[in-house]
Structure formats: structure tokens, C-alpha cells
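Quick notes on the structure that follows.
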Amino acid sequence: GMGAHGEKGVKRQKLAPADEVVDQMMAPILADIPFRRGDEVALLINNLGATTMFELLIVNRRVRQILEREGIKVYRTYVGSWLTSQE
């Protein structure tokens, strides 16, 4: 994988269920972010250009489940093509 600006991807793996992929992505994010139970966030689910809205909403559902489990409130959610890439 590659980021929008050509950044190297974190890992390559075989196709896996969406919830499993989201769980893998959220683990290092939650470990890195200094949020605590009761904090409130804005959630952005970005599409680099090839992911369908249906798939983005599946990701959004899982991210919200994880944040709820962690006690982090979502003030507002943005799902869509906010930053895309032609690559």
C-alpha cells in the first residue's frame, strides 16, 4: 500500500474480513492517541478514490464500535472522498 503522498505502506497481507482489517488499523491508532474514556472526537473515514461508500460505511460501523468500547464519544463523522490519489 501507499499513502496519498507516496508514503510507504505499513503492511501487506492477504484479503481479510473488514472488521479484522479495521481492528488491525485501529490498534496502533488508539495506542498512539492520548485520548481517555469520556473524550470526544471528530471521526474522518477517507476514501483514496477506489473504495465504495458501502465499504466506507462498513469501516465506519466498526470504528464506531471500537470507539464506543473505549468510551470515546464521536461528535461528528465525515465519510467520503476528502483526500484522493490517482495512484
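To be explicit about the labels: the chains of the C-alpha cells are called A, B, and onward in the order shown, and within each one the residues are counted from 1, while ligands get numbers from 1 in the order they are shown.
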
Checklist entry - Do you know which residues are at most 8 Å from Ile72 of chain A counting only C-alpha atoms, after dropping those on the same chain fewer than 6 positions away, and could you put them as a list in words? => result Phe35, Arg36, Arg37, Gly38, Asp39, Glu40 and Val41 of chain A

Next on the checklist: Quick check for you: according to DSSP on this backbone, which residues of chain A are classed as strand (DSSP E)? Reply as a ChimeraX atom specification.
Outcome noted: /A:40-46,73-80

Checklist entry - Looking at only C-alpha atoms, which of A:Ala27, A:Val21, A:Val59, A:Val10 is the one that sits closest to Leu43 of chain A? => result A:Val59

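Taking atom CA of Thr84 of chain A as the reference point, atom CA of Pro34 of chain A is found at 27.5 Å.
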
Checklist entry - For Leu48 of chain A, which of A:Val79, A:Leu30, A:Leu67, A:Met25 is the closest residue, counting only C-alpha atoms? => result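 Checking each of A:Val79, A:Leu30, A:Leu67, A:Met25 against Leu48 of chain A, counting only C-alpha atoms, the winner is A:Val79.
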
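Nearest to Thr77 of chain A of all the residues A:Ala50, A:Ile33, A:Leu44, A:Leu15 is A:Leu44, counting only C-alpha atoms.
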
Next on the checklist: Can you measure atom CA of Val63 of chain A to atom CA of Gln13 of chain A for me? One decimal in Å is fine.
Outcome noted: 20.0 Å

Checklist entry - Residues of segment 6-48 of chain A in helix (DSSP H, G or I) according to DSSP, as number ranges by chain? => result A: 18-32

Item to check | Contacts of Gly49 of chain A within 10 Å, only C-alpha atoms, excl. fewer than 3 positions in-chain, as an MDAnalysis selection string | outcome: chainID A and resid 46 52 80:87
